[in-house]
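Here is data-v2.cif, consisting of mmCIF, C-alpha atoms:
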```cif
data_data
#
loop_
_atom_site.label_atom_id
_atom_site.label_comp_id
_atom_site.auth_asym_id
_atom_site.auth_seq_id
_atom_site.Cartn_x
_atom_site.Cartn_y
_atom_site.Cartn_z
CA MET V 232 -41.98 -105.12 -19.89
CA THR V 233 -41.85 -106.48 -23.40
CA GLY V 234 -44.21 -107.79 -26.05
CA ARG V 235 -46.89 -106.69 -28.47
CA ASP V 236 -49.79 -104.35 -27.72
CA GLU V 237 -52.61 -106.36 -29.33
CA ALA V 238 -54.24 -109.07 -27.26
CA GLY V 239 -53.53 -112.69 -28.05
CA VAL V 240 -56.91 -113.74 -26.61
CA PRO V 241 -59.11 -110.63 -26.74
CA PHE V 242 -62.03 -110.21 -24.38
CA GLY V 243 -65.26 -111.31 -26.00
CA ALA V 244 -63.61 -113.64 -28.50
CA ARG V 245 -64.39 -116.84 -26.55
CA ALA V 246 -61.62 -118.46 -28.56
CA ILE V 247 -61.02 -121.15 -25.93
CA PRO V 248 -64.09 -123.40 -25.49
CA TYR V 249 -65.47 -124.57 -22.17
CA ALA V 250 -66.08 -128.22 -21.35
CA PRO V 251 -69.05 -129.89 -23.06
CA GLY V 252 -72.26 -129.64 -21.10
CA THR V 253 -71.33 -126.36 -19.40
CA LEU V 254 -74.39 -124.15 -18.90
CA ARG V 255 -74.42 -120.50 -19.94
CA PRO V 256 -76.76 -117.70 -18.88
CA SER V 257 -79.79 -117.27 -21.09
CA GLY V 258 -79.73 -114.31 -23.45
CA ASP V 259 -77.32 -112.57 -25.79
CA PRO V 260 -73.60 -113.19 -25.05
CA ALA V 261 -72.81 -109.66 -26.26
CA ALA V 262 -75.16 -108.26 -23.64
CA ALA V 263 -73.36 -110.32 -21.01
CA ASP V 264 -70.05 -108.85 -22.16
CA ARG V 265 -71.45 -105.34 -21.74
CA ARG V 266 -72.44 -106.10 -18.15
CA VAL V 267 -68.95 -107.38 -17.40
CA LEU V 268 -67.43 -104.27 -18.94
CA GLU V 269 -69.70 -102.07 -16.85
CA HIS V 270 -68.56 -103.76 -13.65
CA TYR V 271 -64.94 -103.67 -14.76
CA ARG V 272 -65.03 -99.92 -15.38
CA ARG V 273 -66.45 -99.33 -11.92
CA TRP V 274 -63.88 -101.67 -10.37
CA LYS V 275 -61.10 -99.64 -12.02
CA ALA V 276 -62.55 -96.33 -10.90
CA TYR V 277 -63.06 -97.45 -7.31
CA PHE V 278 -59.96 -99.48 -6.61
CA LEU V 279 -57.03 -98.76 -8.93
CA ARG V 280 -54.54 -96.24 -7.55
CA SER V 281 -51.39 -94.82 -9.13
CA GLY V 282 -48.23 -92.75 -8.70
CA ASP V 283 -47.45 -91.28 -5.29
CA GLU V 284 -50.41 -93.12 -3.74
CA VAL V 285 -48.56 -96.39 -4.27
CA GLY V 286 -44.98 -95.28 -3.82
CA GLY V 287 -43.72 -94.07 -7.17
CA PRO V 288 -44.33 -92.99 -10.78
CA GLY V 289 -45.47 -95.62 -13.22
CA ARG V 290 -46.88 -97.86 -10.53
CA ARG V 291 -50.45 -99.00 -10.04
CA ALA V 292 -51.97 -100.96 -7.19
CA VAL V 293 -55.38 -102.23 -6.20
CA LEU V 294 -56.72 -100.49 -3.10
CA THR V 295 -58.38 -102.59 -0.39
CA PRO V 296 -60.30 -100.24 1.95
CA ASP V 297 -61.85 -103.26 3.65
CA ALA V 298 -58.56 -105.01 4.50
CA ALA V 299 -56.14 -104.56 7.41
CA HIS V 300 -53.84 -102.54 5.11
CA PRO V 301 -54.62 -100.39 2.05
CA PHE V 302 -52.73 -102.67 -0.36
CA VAL V 303 -52.53 -106.45 -0.02
CA SER V 304 -51.06 -109.12 -2.26
CA GLU V 305 -54.37 -110.89 -2.81
CA ALA V 306 -55.77 -107.75 -4.44
CA GLN V 307 -52.70 -107.26 -6.65
CA GLY V 308 -53.06 -110.83 -7.86
CA TYR V 309 -56.70 -110.14 -8.67
CA GLY V 310 -55.68 -106.98 -10.51
CA LEU V 311 -53.13 -108.76 -12.69
CA VAL V 312 -55.56 -111.52 -13.64
CA ILE V 313 -58.43 -109.12 -14.32
CA THR V 314 -56.46 -106.67 -16.47
CA ALA V 315 -54.90 -109.51 -18.48
CA LEU V 316 -58.34 -111.00 -19.19
CA MET V 317 -59.78 -107.59 -20.17
CA ALA V 318 -57.21 -107.07 -22.94
CA GLY V 319 -58.91 -106.37 -26.22
CA ALA V 320 -61.76 -104.54 -24.52
CA ASP V 321 -59.77 -102.00 -22.52
CA PRO V 322 -57.01 -100.26 -24.51
CA ASP V 323 -55.31 -99.44 -21.21
CA ALA V 324 -55.24 -103.04 -19.95
CA HIS V 325 -51.60 -103.65 -20.89
CA ALA V 326 -50.40 -100.46 -19.20
CA LEU V 327 -52.50 -101.16 -16.13
CA PHE V 328 -51.10 -104.67 -15.86
CA ASP V 329 -47.55 -103.35 -16.10
CA GLY V 330 -48.24 -100.72 -13.47
CA ILE V 331 -49.53 -103.28 -10.99
CA LEU V 332 -46.58 -105.52 -11.79
CA ARG V 333 -44.16 -102.66 -11.04
CA HIS V 334 -45.74 -102.34 -7.60
CA VAL V 335 -45.37 -106.09 -7.03
CA LEU V 336 -41.74 -106.13 -8.15
CA ALA V 337 -40.96 -103.19 -5.88
CA HIS V 338 -42.11 -105.15 -2.81
CA PRO V 339 -40.43 -108.55 -2.59
CA SER V 340 -40.99 -110.72 0.46
CA VAL V 341 -38.31 -110.53 3.11
CA ASN V 342 -38.07 -114.33 2.92
CA HIS V 343 -37.93 -114.87 -0.85
CA TYR V 344 -37.15 -112.23 -3.47
CA ASP V 345 -39.44 -113.84 -6.05
CA LEU V 346 -42.51 -113.69 -3.80
CA HIS V 347 -44.55 -110.61 -2.88
CA ALA V 348 -44.60 -108.85 0.49
CA ALA V 349 -48.22 -109.25 1.47
CA GLN V 350 -49.09 -105.77 2.81
CA GLN V 351 -48.36 -102.11 2.08
CA ASP V 352 -49.53 -98.98 3.89
CA ALA V 353 -51.21 -95.86 2.52
CA GLY V 354 -47.86 -94.56 1.25
CA GLY V 355 -47.04 -97.77 -0.57
CA ARG V 356 -44.49 -98.88 2.05
CA ASP V 357 -44.24 -102.46 3.30
CA ALA V 358 -46.19 -103.09 6.47
CA GLY V 359 -46.75 -106.04 8.75
CA GLY V 360 -44.18 -108.81 8.60
CA ARG V 361 -43.05 -108.09 5.02
CA ASP V 362 -43.55 -111.77 4.20
CA SER V 363 -45.84 -113.44 1.67
CA ALA V 364 -49.40 -114.76 1.38
CA THR V 365 -49.83 -117.81 -0.82
CA ASP V 366 -53.10 -116.81 -2.50
CA GLY V 367 -51.61 -113.56 -3.77
CA ASP V 368 -48.49 -115.26 -5.10
CA LEU V 369 -50.54 -117.90 -6.92
CA ASP V 370 -52.58 -115.28 -8.75
CA ILE V 371 -49.52 -113.13 -9.48
CA ALA V 372 -47.76 -116.06 -11.14
CA TYR V 373 -50.93 -117.02 -12.99
CA GLY V 374 -51.46 -113.42 -14.14
CA LEU V 375 -47.95 -113.40 -15.58
CA LEU V 376 -48.72 -116.51 -17.62
CA LEU V 377 -51.88 -114.83 -18.91
CA ALA V 378 -49.84 -111.74 -19.82
CA ASP V 379 -47.31 -113.83 -21.71
CA ARG V 380 -50.15 -115.28 -23.78
CA GLN V 381 -51.71 -111.86 -24.31
CA TRP V 382 -48.73 -109.63 -24.97
CA GLY V 383 -45.50 -111.61 -24.86
CA ASP V 384 -43.69 -113.45 -27.60
CA GLY V 385 -43.06 -116.57 -25.52
CA HIS V 386 -39.57 -115.44 -24.56
CA GLY V 387 -40.18 -112.12 -22.84
CA ASP V 388 -40.16 -110.78 -19.31
CA TYR V 389 -43.60 -112.07 -18.36
CA ARG V 390 -42.77 -115.71 -18.93
CA ALA V 391 -39.40 -115.50 -17.21
CA LEU V 392 -40.94 -113.77 -14.22
CA ALA V 393 -43.76 -116.30 -14.12
CA LEU V 394 -41.38 -119.26 -14.10
CA ARG V 395 -39.32 -117.77 -11.29
CA ARG V 396 -42.42 -117.11 -9.19
CA ILE V 397 -43.89 -120.53 -9.83
CA ASP V 398 -40.64 -122.11 -8.66
CA ALA V 399 -40.60 -119.82 -5.60
CA VAL V 400 -44.14 -120.87 -4.69
CA MET V 401 -43.14 -124.51 -4.92
CA GLU V 402 -40.02 -123.89 -2.84
CA SER V 403 -41.55 -121.75 -0.09
CA GLU V 404 -45.35 -122.12 -0.13
CA VAL V 405 -45.97 -125.81 -0.84
CA HIS V 406 -45.43 -128.36 1.92
CA GLY V 407 -42.73 -130.79 0.86
CA ALA V 408 -44.44 -133.87 2.29
CA THR V 409 -48.20 -133.26 1.95
CA ARG V 410 -47.96 -131.17 -1.25
CA LEU V 411 -50.65 -128.91 0.19
CA THR V 412 -50.32 -125.15 -0.05
CA LYS V 413 -49.01 -123.43 3.07
CA LEU V 414 -50.27 -120.08 4.33
CA GLY V 415 -47.21 -118.14 3.17
CA ASP V 416 -43.44 -118.25 3.07
CA TRP V 417 -43.46 -117.46 6.80
CA SER V 418 -45.23 -120.69 7.71
CA SER V 419 -43.43 -123.01 10.13
CA GLY V 420 -44.13 -125.14 13.19
CA ARG V 421 -47.83 -125.70 13.81
CA TYR V 422 -48.74 -123.42 10.91
CA ASP V 423 -47.12 -125.92 8.55
CA GLU V 424 -50.03 -128.19 9.47
CA VAL V 425 -52.62 -125.65 8.25
CA SER V 426 -53.88 -125.10 4.70
CA ARG V 427 -56.47 -122.63 3.38
CA THR V 428 -59.00 -124.20 1.01
CA SER V 429 -59.37 -121.03 -1.06
CA ASP V 430 -55.69 -121.43 -2.03
CA TRP V 431 -56.60 -124.68 -3.76
CA MET V 432 -56.75 -123.42 -7.36
CA PRO V 433 -56.68 -126.43 -9.69
CA ASP V 434 -56.56 -124.46 -12.94
CA HIS V 435 -53.52 -122.56 -11.67
CA PHE V 436 -51.71 -125.78 -10.82
CA ARG V 437 -52.46 -127.18 -14.28
CA ALA V 438 -51.08 -124.00 -15.86
CA PHE V 439 -47.96 -124.15 -13.68
CA ARG V 440 -47.38 -127.80 -14.68
CA ALA V 441 -47.73 -126.94 -18.35
CA ALA V 442 -45.43 -123.91 -18.11
CA THR V 443 -42.65 -125.53 -16.08
CA GLY V 444 -42.88 -129.23 -16.90
CA ASP V 445 -42.48 -129.85 -13.16
CA PRO V 446 -44.40 -133.04 -12.21
CA ARG V 447 -44.65 -131.87 -8.61
CA TRP V 448 -47.58 -129.70 -9.67
CA ASP V 449 -49.44 -132.88 -10.56
CA GLU V 450 -48.84 -133.98 -6.97
CA VAL V 451 -50.17 -130.66 -5.64
CA LEU V 452 -53.31 -131.01 -7.75
CA ALA V 453 -53.85 -134.62 -6.71
CA ALA V 454 -53.28 -133.92 -3.00
CA GLN V 455 -55.73 -131.07 -2.87
CA LEU V 456 -58.46 -132.78 -4.87
CA SER V 457 -58.07 -135.91 -2.73
CA LEU V 458 -58.38 -133.90 0.48
CA THR V 459 -61.34 -131.97 -0.92
CA GLY V 460 -63.18 -135.22 -1.42
CA ALA V 461 -62.28 -136.54 2.02
CA LEU V 462 -63.36 -133.35 3.80
CA ARG V 463 -66.73 -133.34 2.05
CA THR V 464 -67.36 -137.01 2.80
CA ARG V 465 -66.29 -136.93 6.44
CA HIS V 466 -67.26 -133.46 7.59
CA ALA V 467 -69.95 -132.11 5.22
CA PRO V 468 -71.79 -135.08 3.71
CA VAL V 469 -75.06 -133.12 3.34
CA THR V 470 -73.76 -129.78 2.06
CA GLY V 471 -70.39 -130.54 0.48
CA LEU V 472 -69.10 -127.24 1.91
CA LEU V 473 -65.43 -126.74 2.72
CA PRO V 474 -63.98 -124.87 5.72
CA ASP V 475 -61.81 -121.79 5.53
CA PHE V 476 -58.88 -123.67 7.08
CA VAL V 477 -57.86 -127.31 7.37
CA VAL V 478 -55.62 -128.35 10.28
CA ASP V 479 -53.57 -131.43 11.19
CA THR V 480 -52.62 -131.82 7.53
CA THR V 481 -49.50 -133.85 8.38
CA SER V 482 -51.27 -136.19 10.81
CA GLY V 483 -52.95 -138.50 8.34
CA ASP V 484 -56.34 -137.22 9.56
CA PRO V 485 -56.79 -133.62 8.34
CA ARG V 486 -59.92 -131.87 9.62
CA PRO V 487 -61.64 -128.47 9.65
CA ALA V 488 -60.24 -126.00 12.15
CA ARG V 489 -61.92 -125.94 15.54
CA GLY V 490 -62.24 -122.33 16.55
CA GLN V 491 -59.70 -119.69 15.63
CA VAL V 492 -56.50 -120.87 13.98
CA LEU V 493 -55.50 -117.76 12.03
CA GLU V 494 -58.30 -115.26 11.51
CA SER V 495 -61.52 -115.79 13.48
CA PRO V 496 -63.63 -118.25 15.49
CA HIS V 497 -65.19 -119.20 12.14
CA ASP V 498 -61.94 -120.61 10.69
CA GLY V 499 -63.55 -124.05 10.53
CA ASP V 500 -66.71 -122.80 8.80
CA TYR V 501 -67.61 -121.90 5.22
CA HIS V 502 -66.68 -118.29 5.84
CA TRP V 503 -64.93 -115.36 4.12
CA ASN V 504 -62.14 -117.48 2.64
CA ALA V 505 -63.97 -120.64 1.60
CA CYS V 506 -66.73 -118.59 -0.03
CA ARG V 507 -64.39 -118.47 -3.04
CA ASP V 508 -64.24 -122.26 -3.38
CA PRO V 509 -67.25 -122.65 -5.73
CA TRP V 510 -65.57 -120.14 -8.06
CA ARG V 511 -62.09 -121.67 -7.88
CA LEU V 512 -63.21 -125.28 -8.28
CA GLY V 513 -65.97 -124.36 -10.71
CA ALA V 514 -63.56 -122.45 -12.94
CA ASP V 515 -61.44 -125.57 -13.24
CA ALA V 516 -64.47 -127.76 -13.89
CA VAL V 517 -65.68 -125.67 -16.84
CA THR V 518 -62.24 -125.19 -18.39
CA SER V 519 -60.65 -128.61 -17.82
CA GLY V 520 -63.73 -130.85 -17.77
CA ASP V 521 -62.18 -132.79 -14.88
CA ALA V 522 -64.86 -135.04 -13.39
CA ARG V 523 -63.48 -134.49 -9.88
CA THR V 524 -63.82 -130.71 -9.81
CA ARG V 525 -67.11 -130.93 -11.70
CA ALA V 526 -68.54 -133.20 -9.01
CA VAL V 527 -67.47 -130.82 -6.24
CA ALA V 528 -68.79 -127.73 -8.04
CA ARG V 529 -72.11 -129.42 -8.80
CA GLY V 530 -72.39 -130.42 -5.16
CA PHE V 531 -71.92 -126.81 -4.09
CA SER V 532 -74.51 -125.59 -6.58
CA ARG V 533 -77.17 -128.17 -5.90
CA TRP V 534 -76.92 -127.72 -2.15
CA ALA V 535 -77.20 -123.92 -2.47
CA ARG V 536 -80.09 -124.18 -4.92
CA ALA V 537 -82.03 -126.44 -2.55
CA ALA V 538 -81.10 -124.51 0.61
CA THR V 539 -82.31 -121.20 -0.83
CA GLY V 540 -85.24 -122.43 -2.88
CA GLY V 541 -83.47 -121.07 -5.94
CA ASP V 542 -83.36 -117.51 -4.59
CA PRO V 543 -79.83 -116.00 -4.60
CA ALA V 544 -80.98 -113.25 -2.23
CA ARG V 545 -81.17 -115.89 0.51
CA ILE V 546 -77.48 -116.88 0.29
CA ARG V 547 -75.98 -115.93 3.63
CA SER V 548 -72.48 -114.66 4.37
CA GLY V 549 -71.34 -117.66 6.37
CA TYR V 550 -72.38 -121.25 7.01
CA ARG V 551 -71.40 -124.04 9.33
CA LEU V 552 -70.50 -127.16 7.43
CA ASP V 553 -73.89 -128.70 8.23
CA GLY V 554 -75.56 -125.85 6.32
CA THR V 555 -76.64 -123.72 9.26
CA GLY V 556 -76.40 -120.10 8.10
CA TYR V 557 -75.30 -117.33 10.43
CA GLY V 558 -74.21 -114.37 8.29
CA ASP V 559 -76.35 -111.67 6.72
CA PRO V 560 -77.42 -112.24 3.10
CA GLY V 561 -76.38 -110.05 0.21
CA SER V 562 -72.59 -110.14 -0.19
CA PRO V 563 -71.35 -110.80 -3.75
CA ALA V 564 -68.37 -112.61 -2.21
CA PHE V 565 -70.82 -115.37 -1.28
CA PHE V 566 -73.44 -115.41 -4.02
CA ALA V 567 -71.24 -114.71 -7.09
CA PRO V 568 -69.04 -117.85 -6.76
CA PHE V 569 -72.15 -120.04 -6.75
CA ALA V 570 -72.87 -118.78 -10.28
CA VAL V 571 -69.62 -120.36 -11.47
CA ALA V 572 -70.54 -123.63 -9.77
CA ALA V 573 -74.02 -123.42 -11.30
CA MET V 574 -72.51 -123.70 -14.77
CA THR V 575 -71.85 -127.37 -13.95
CA ASP V 576 -75.33 -127.98 -12.53
CA GLY V 577 -77.09 -129.39 -15.60
CA GLY V 578 -76.71 -132.76 -17.28
CA ASP V 579 -78.46 -136.04 -17.81
CA ASP V 580 -78.41 -136.91 -14.10
CA ASP V 581 -80.15 -133.69 -13.09
CA GLU V 582 -83.78 -134.37 -12.24
CA ASP V 583 -84.66 -130.72 -12.78
CA GLY V 584 -82.72 -129.40 -15.75
CA ALA V 585 -84.95 -126.34 -16.08
CA GLY V 586 -84.29 -125.60 -12.42
CA ALA V 587 -80.55 -125.69 -13.03
CA GLN V 588 -80.81 -123.16 -15.87
CA GLY V 589 -83.17 -120.98 -13.86
CA TRP V 590 -80.75 -121.04 -10.91
CA LEU V 591 -77.85 -119.91 -13.09
CA ASP V 592 -79.98 -117.20 -14.67
CA ALA V 593 -81.10 -115.96 -11.26
CA LEU V 594 -77.51 -115.81 -10.01
CA TRP V 595 -76.37 -114.01 -13.17
CA ALA V 596 -79.18 -111.47 -12.83
CA ARG V 597 -78.22 -110.94 -9.19
CA MET V 598 -74.61 -110.26 -10.16
CA CYS V 599 -75.56 -107.93 -13.01
CA GLY V 600 -77.90 -106.01 -10.71
CA THR V 601 -75.33 -105.59 -7.93
CA PRO V 602 -72.78 -102.88 -8.75
CA PRO V 603 -69.42 -102.91 -6.96
CA ASP V 604 -69.39 -101.24 -3.56
CA PRO V 605 -66.44 -98.80 -3.35
CA ALA V 606 -65.92 -99.81 0.28
CA ARG V 607 -65.75 -103.57 -0.50
CA ALA V 608 -62.79 -104.39 -2.74
CA TYR V 609 -62.73 -108.05 -1.79
CA ALA V 610 -66.32 -108.74 -2.79
CA ALA V 611 -65.95 -106.64 -5.95
CA GLY V 612 -62.88 -108.60 -7.06
CA VAL V 613 -64.53 -111.95 -6.43
CA GLN V 614 -67.69 -110.86 -8.21
CA LEU V 615 -65.92 -109.49 -11.28
CA GLN V 616 -63.81 -112.61 -11.71
CA SER V 617 -66.88 -114.80 -11.28
CA MET V 618 -68.62 -112.74 -13.98
CA LEU V 619 -65.65 -113.27 -16.29
CA VAL V 620 -65.99 -117.03 -15.89
CA VAL V 621 -69.78 -117.12 -16.27
CA SER V 622 -69.67 -114.92 -19.41
CA ARG V 623 -67.03 -117.32 -20.85
CA ASN V 624 -64.33 -114.69 -20.90
CA TYR V 625 -62.03 -116.75 -18.69
CA TRP V 626 -59.35 -119.10 -19.97
CA VAL V 627 -56.31 -121.03 -18.75
CA PRO V 628 -52.92 -120.15 -20.30
#
```

Please express what this file holds, its structure, as structure tokens.
Amino acid sequence: MTGRDEAGVPFGARAIPYAPGTLRPSGDPAAADRRVLEHYRRWKAYFLRSGDEVGGPGRRAVLTPDAAHPFVSEAQGYGLVITALMAGADPDAHALFDGILRHVLAHPSVNHYDLHAAQQDAGGRDAGGRDSATDGDLDIAYGLLLADRQWGDGHGDYRALALRRIDAVMESEVHGATRLTKLGDWSSGRYDEVSRTSDWMPDHFRAFRAATGDPRWDEVLAAQLSLTGALRTRHAPVTGLLPDFVVDTTSGDPRPARGQVLESPHDGDYHWNACRDPWRLGADAVTSGDARTRAVARGFSRWARAATGGDPARIRSGYRLDGTGYGDPGSPAFFAPFAVAAMTDGGDDDEDGAGAQGWLDALWARMCGTPPDPARAYAAGVQLQSMLVVSRNYWVP
């Protein structure tokens, strides 16, 4: 890989401002940075693997002991984004990023060379169908754009690789008619009528539009924000929650899945995929200031604040769209994303501004007091990235 060693946007600099009116946790920003660094160091120690463990010298990969296979594309995307954002704080961030990227480049999808094979086994060999998963590819492409801003010169390998992967996502993982994200480059038949809400990453689509100049990314953004609004109005008017999976996307009447479509009987609930939505939509709201994503994020936050009485410990790991909880409380994968949404919770139309700040502070304290679990890579990755946003160490390339 090419480029400079110093970071273009170093961690802690907060060189790129958030939207006006965005809340921040009470207290010293430097102390918040130290908490993020503490979690990051544990995340590295628990989940980053190298060398023979991932198939060759010079390679790194993010281990997922809680997934179906030891290494999955979603985790590699998280790793690329995290290490790029930590540049300036971790002197090894550039090398770690390049190591994860070597692993990604060594495992192309069987269907498209510029996408990533979604699963590898304990020896770093491709497993499963050797095809792609859209969420991983979106973060991989986004991570490359971050790396170009951090370490590239605007004409190096990172940008060229990013542009190729962005085009591959559009070609193989975006539905040509609906402009909704598909499940992967393997999707066909009835699966082409299914979309996963946690793949709806507005800030990524804005970055892809800016990098490529391709107006189709505007269409992707518009389609997914329009459907987000329709789903909330028609299927979750009280809670505003989104389901893991949306079906019948080509019918003119998309709806939450009924029963198992891909993963579990909870595919139509706010479950282990959709739990990321407050983070994904909230991150766009605070960086872009878009009124549409701000309204959705605020809806998430205000429902959760009311449903729990302002106590993050009561956030459960699964809800039906009417707000009925069924999962155990305590997973960072569920409570951490609400902290990102809570950053949008204040404002002149909030009848309880102090409550909004107290809710954010309570969520931040909960995250800071919950160290990563070495057996739970998914929750740790979601939590760390949520902490990066809440501490204002997140930015869009």

How close does each residue of range 519-556 of chain V get to range 479-499 of chain V, giving the shortest atom pair and distance in Å to one decimal for every residue with an atom at most 12 Å away, counting all atoms listed in the file, sorted by chain and residue number, as a Markdown table?
```
| residue | atom | partner | partner_atom | distance |
| --- | --- | --- | --- | --- |
| V:Ser548 | CA | V:His497 | CA | 11.6 |
| V:Gly549 | CA | V:His497 | CA | 8.6 |
| V:Tyr550 | CA | V:His497 | CA | 9.1 |
| V:Arg551 | CA | V:Gly499 | CA | 7.9 |
| V:Leu552 | CA | V:Gly499 | CA | 8.2 |
| V:Asp553 | CA | V:Gly499 | CA | 11.6 |
| V:Gly556 | CA | V:His497 | CA | 11.9 |
```

Would you pick out the contacts of range 236-253 of chain V at 9 Å or less, using only C-alpha atoms, so that residues sharing its chain but fewer than 2 positions from it are not included, and give the list as a ChimeraX atom specification?
/V:234,255,260-261,264,315-322,325,379-383,516-521,574-578,622-627

If you apply the PyMOL selection byres ((chain V and resi 389) around 7) to this file, what residues do you get, as a PyMOL selection string?
chain V and resi 375-376+378-379+383+387-388+390-393

Who sits within 8 Å of His435 in chain V, all atoms listed in the file, same chain under 2 positions skipped, as a VMD selection string:
chain V and resid 369 to 370 373 432 to 433 437 to 439 627

Apply the PyMOL selection byres ((chain V and resi 545) around 12) to the displayed file and report the matching residues as a list of chain:residue names.
V:Ala535, V:Arg536, V:Ala537, V:Ala538, V:Thr539, V:Gly540, V:Gly541, V:Asp542, V:Pro543, V:Ala544, V:Ile546, V:Arg547, V:Ser548, V:Gly549, V:Gly556, V:Tyr557, V:Gly558, V:Asp559, V:Pro560, V:Gly561, V:Ser562, V:Pro563, V:Phe565, V:Phe566, V:Ala593, V:Leu594, V:Arg597

Identify which of the residues V:Asp434, V:Asp604, V:Asp475, V:Glu284 lies closest to Pro628 in chain V, counting only C-alpha atoms when measuring atom-to-atom distances.
V:Asp434

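Atom pair CA of Ser532 in chain V / CA of Phe569 in chain V: separated by 6.0 Å.
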
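Atom pair CA of Glu424 in chain V / CA of Thr470 in chain V: separated by 24.9 Å.
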
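Going from CA of Met598 in chain V to CA of Arg511 in chain V covers 17.1 Å.
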
Apply the PyMOL selection byres ((chain V and resi 508) around 10) to the file shown and report the selected residues as a PyMOL selection string.
chain V and resi 428-432+472-475+501+504-507+509-514+527-528+531+565+568-569+571-572
